[in-house]
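Only one structure is covered here, and it is reproduced in the block below.
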Amino acid sequence: MDIDVLDGVFRRIERTDPGVVGVIVSISGFSRTVIDEVGRTRRVPTLLVDENDLLQVLREPTSLPKLLQTKLEALVTHGRVHLAGTARTQEATGRPARSFPPSELALQDLDGNRRSYLEVPGGFTPVVFATEVADVDWAFGRGRGVCLDIPTAVRDEDGLIRLLHGLDELGLTSDRPTWALQQKDTSWFGIGADALVQALDDAAARTAALTAPHHTEQLAYTDTCLGGVYTLAAEITAPISTSDEDEPDCDTRAAAARRVARCQLSFQLPGTPLDSAPLQHLFDRFAATRQGYFRPLDGAAVGKTWLDCQPVDLLARIVQHDPVSGKDWVVGLVIRDNYSVEGRDAVLEGWPLELQGSGFLVSALADHHPVDHSPDRYWLNHISTAWTSDLAVTTVRAAW
């Protein structure tokens, strides 16, 4: 498309209300003259949509408002024409080089070995286990806090990792996020964003031994920020296996790139933050739409279910190093779910519905003990759960 069409659009915009923005769609692209002229004439804002932009919107229709807003901000603020080819080049620069905050907690298997993440019994359940559930009802004043949901524009695995880095850069992470990657009958549990990135990179090796893997695996992730809690839920396509004998070419690697669907952040906060800049930046960078609202919670943020000293089948320990005493302390447990309907120690009344068939549980110890002085037995005390729009954030309190 050349300058004649652009001049006609400019003249029409100048005869309309000041708030009107022009949009030109050209499958064959735009001449360099048109792109330069649009960048210079910001007083008559006109957005250019090419074939790549249109294909992106057709793949993900909800991304259209975000795409147009991004184009408008780039034009009005920086005098730059935003096109999909440019955006893809920026995204292809790779993952951020910075590292995530080191987790203060570590996983230790029953042989005493430290593990980045654990393979545990599991399945697809709407729950993510945390070492502690943040209760937003502590705040003074009337009300029970607010929630905020952000459907993100993440479409692939690298985009998901950039989102995790973005949360960290904006100060919306702690040093003990917990997560699970859920497959059919199997899950992988870990603590820390760096461990999650490693597990994503290990996808082919993790799932190689599964007899009938599902075509997707679900990510359930939780962390604390701004006095509250948030969850990240996403569906990730299963890895495509390649022969060890042949080096995959570029087309094969592109086909094997893992796609991400329905990736959403859901926040539960004590109230609408006075300084909402981090959330606004997060929204501007990663949201799929321009519509976002704080909504009041209409009930208690955390629910509790009391248990009658249920026995524990231990899978691993959660360990924390104390720099004062120089000792490693057991602060939590990863245990087998024997409490669902068909379990060995089934709890037939009061067991939370979302935990049915979860395969494993994560508990926090009411009293810590040194790693080298394990008690004779553990038992469960109660379950605490906070519900975001996507997941139940749950921890099980245990004693010894």
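As shown in the structure tokens, the chain order sets the letters A, B, ...; within each chain, residues go from 1, and ligands are also counted from 1 in the order they appear.
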
Quiz prompt | DSSP-assigned strand (DSSP E or B) members of range 38-280 of chain A, reported as number ranges by chain | solution = A: 46-49, 105-109, 114-115, 117-121, 127-129, 146-152, 156, 178-183, 186-191, 216-225, 228-237, 259-269

Quiz item: Which parts of range 192-323 of chain A does DSSP call alpha helix (DSSP H) when run on the backbone here, written out as a VMD selection string?
Solution: chain A and resid 193 to 201 203 to 207 250 to 256 277 to 286

Any chance you could export the current selection's N, CA, C and O atoms as a compact mmCIF listing (two decimals), in the first residue's frame?
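See part_31.txt below for the written result:
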# COMPACT_ATOMS: atom_id res chain seq x y z
N ALA A 193 10.90 -20.30 40.75
CA ALA A 193 10.68 -20.10 39.32
C ALA A 193 11.80 -20.71 38.49
O ALA A 193 11.57 -21.20 37.37
N ASP A 194 13.03 -20.70 39.00
CA ASP A 194 14.14 -21.29 38.24
C ASP A 194 13.95 -22.79 38.08
O ASP A 194 14.28 -23.37 37.03
N ALA A 195 13.40 -23.45 39.11
CA ALA A 195 13.13 -24.89 39.00
C ALA A 195 12.04 -25.16 37.97
O ALA A 195 12.08 -26.16 37.25
N LEU A 196 11.06 -24.25 37.87
CA LEU A 196 10.01 -24.42 36.86
C LEU A 196 10.59 -24.31 35.46
O LEU A 196 10.24 -25.11 34.57
N VAL A 197 11.47 -23.33 35.24
CA VAL A 197 12.09 -23.18 33.93
C VAL A 197 12.87 -24.44 33.57
O VAL A 197 12.81 -24.93 32.43
N GLN A 198 13.59 -25.01 34.53
CA GLN A 198 14.33 -26.25 34.28
C GLN A 198 13.36 -27.38 33.91
O GLN A 198 13.62 -28.17 32.99
N ALA A 199 12.25 -27.49 34.64
CA ALA A 199 11.28 -28.54 34.35
C ALA A 199 10.65 -28.37 32.96
O ALA A 199 10.41 -29.35 32.26
N LEU A 200 10.40 -27.12 32.56
CA LEU A 200 9.88 -26.88 31.21
C LEU A 200 10.89 -27.31 30.16
O LEU A 200 10.53 -27.92 29.14
N ASP A 201 12.16 -26.99 30.40
CA ASP A 201 13.20 -27.40 29.45
C ASP A 201 13.39 -28.92 29.43
O ASP A 201 13.82 -29.48 28.41
N ALA A 203 11.08 -31.12 29.47
CA ALA A 203 9.77 -31.72 29.18
C ALA A 203 9.89 -33.06 28.46
O ALA A 203 9.23 -34.04 28.83
N ALA A 204 10.73 -33.14 27.44
CA ALA A 204 10.84 -34.38 26.67
C ALA A 204 11.35 -35.52 27.56
O ALA A 204 10.84 -36.65 27.50
N ALA A 205 12.35 -35.24 28.39
CA ALA A 205 12.89 -36.28 29.26
C ALA A 205 11.90 -36.66 30.36
O ALA A 205 11.78 -37.84 30.72
N ARG A 206 11.17 -35.66 30.88
CA ARG A 206 10.21 -35.95 31.95
C ARG A 206 9.10 -36.89 31.50
O ARG A 206 8.67 -37.78 32.23
N THR A 207 8.62 -36.66 30.28
CA THR A 207 7.44 -37.39 29.82
C THR A 207 7.78 -38.62 28.98
O THR A 207 6.88 -39.33 28.54
N CYS A 250 15.63 -26.65 11.30
CA CYS A 250 14.91 -25.49 11.83
C CYS A 250 13.41 -25.71 11.83
O CYS A 250 12.70 -25.34 12.77
N ASP A 251 12.89 -26.34 10.74
CA ASP A 251 11.46 -26.56 10.66
C ASP A 251 10.99 -27.52 11.76
O ASP A 251 9.94 -27.34 12.36
N THR A 252 11.81 -28.55 12.05
CA THR A 252 11.44 -29.50 13.09
C THR A 252 11.44 -28.83 14.45
O THR A 252 10.55 -29.04 15.27
N ARG A 253 12.46 -28.00 14.72
CA ARG A 253 12.51 -27.32 16.00
C ARG A 253 11.33 -26.37 16.15
O ARG A 253 10.76 -26.23 17.24
N ALA A 254 10.96 -25.70 15.06
CA ALA A 254 9.81 -24.79 15.13
C ALA A 254 8.53 -25.56 15.40
O ALA A 254 7.67 -25.13 16.18
N ALA A 255 8.39 -26.72 14.74
CA ALA A 255 7.18 -27.53 14.96
C ALA A 255 7.13 -28.07 16.38
O ALA A 255 6.07 -28.28 16.94
N ALA A 256 8.34 -28.32 16.96
CA ALA A 256 8.39 -28.88 18.30
C ALA A 256 8.22 -27.83 19.39
O ALA A 256 8.13 -28.18 20.56
N ALA A 277 1.14 0.75 40.18
CA ALA A 277 2.02 0.82 39.02
C ALA A 277 2.54 -0.56 38.57
O ALA A 277 2.53 -0.85 37.37
N PRO A 278 2.99 -1.44 39.50
CA PRO A 278 3.46 -2.75 39.03
C PRO A 278 2.38 -3.54 38.29
O PRO A 278 2.65 -4.15 37.26
N LEU A 279 1.16 -3.51 38.82
CA LEU A 279 0.08 -4.22 38.15
C LEU A 279 -0.25 -3.58 36.81
O LEU A 279 -0.56 -4.28 35.84
N GLN A 280 -0.18 -2.24 36.75
CA GLN A 280 -0.46 -1.56 35.48
C GLN A 280 0.59 -1.91 34.43
O GLN A 280 0.26 -2.17 33.27
N HIS A 281 1.85 -1.93 34.84
CA HIS A 281 2.92 -2.31 33.91
C HIS A 281 2.74 -3.76 33.45
O HIS A 281 2.95 -4.07 32.27
N LEU A 282 2.37 -4.63 34.39
CA LEU A 282 2.14 -6.02 34.04
C LEU A 282 1.00 -6.13 33.02
O LEU A 282 1.09 -6.86 32.03
N PHE A 283 -0.04 -5.36 33.25
CA PHE A 283 -1.19 -5.36 32.35
C PHE A 283 -0.80 -4.86 30.97
O PHE A 283 -1.16 -5.44 29.94
N ASP A 284 -0.02 -3.77 30.92
CA ASP A 284 0.38 -3.20 29.64
C ASP A 284 1.26 -4.14 28.83
O ASP A 284 1.19 -4.18 27.60
N ARG A 285 2.12 -4.89 29.52
CA ARG A 285 3.09 -5.73 28.82
C ARG A 285 2.53 -7.08 28.40
O ARG A 285 2.92 -7.62 27.36
N PHE A 286 1.64 -7.66 29.21
CA PHE A 286 1.29 -9.06 28.97
C PHE A 286 -0.19 -9.34 28.80
O PHE A 286 -0.55 -10.45 28.40

Practice problem: Just the residues within 12 Å of Gly326 in chain A, please, counting only C-alpha atoms, with nothing from its chain fewer than 4 positions along; format it as number ranges by chain. | Solution: A: 320-322, 370-371

Write a file of the selected residues as an mmCIF file, in the first residue's frame, keeping N, CA, C and O atoms.
data_model
loop_
_atom_site.group_PDB
_atom_site.id
_atom_site.type_symbol
_atom_site.label_atom_id
_atom_site.label_comp_id
_atom_site.auth_asym_id
_atom_site.auth_seq_id
_atom_site.Cartn_x
_atom_site.Cartn_y
_atom_site.Cartn_z
ATOM 1 N N GLN A 320 14.749 -26.000 54.957
ATOM 2 C CA GLN A 320 15.201 -24.605 54.977
ATOM 3 C C GLN A 320 16.469 -24.507 55.812
ATOM 4 O O GLN A 320 16.551 -25.092 56.902
ATOM 5 N N HIS A 321 17.451 -23.778 55.302
ATOM 6 C CA HIS A 321 18.712 -23.607 56.035
ATOM 7 C C HIS A 321 18.608 -22.396 56.955
ATOM 8 O O HIS A 321 18.162 -21.323 56.543
ATOM 9 N N ASP A 322 18.999 -22.591 58.204
ATOM 10 C CA ASP A 322 19.009 -21.510 59.193
ATOM 11 C C ASP A 322 20.433 -20.977 59.319
ATOM 12 O O ASP A 322 21.313 -21.668 59.850
ATOM 13 N N PRO A 370 15.175 -30.539 63.110
ATOM 14 C CA PRO A 370 16.397 -30.692 62.310
ATOM 15 C C PRO A 370 16.286 -31.866 61.349
ATOM 16 O O PRO A 370 15.593 -32.853 61.618
ATOM 17 N N VAL A 371 16.996 -31.753 60.223
ATOM 18 C CA VAL A 371 16.960 -32.815 59.221
ATOM 19 C C VAL A 371 17.452 -34.137 59.800
ATOM 20 O O VAL A 371 16.932 -35.212 59.462
#

Practice problem: For Ile3 in chain A, please output as an MDAnalysis selection string all residues within 7 Å (counting only C-alpha atoms; exclusion window: fewer than 2 positions along the same chain). | Solution: chainID A and resid 5:7 33:34

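Atom pair CA of Trp179 in chain A / CA of Glu217 in chain A: separated by 12.7 Å.
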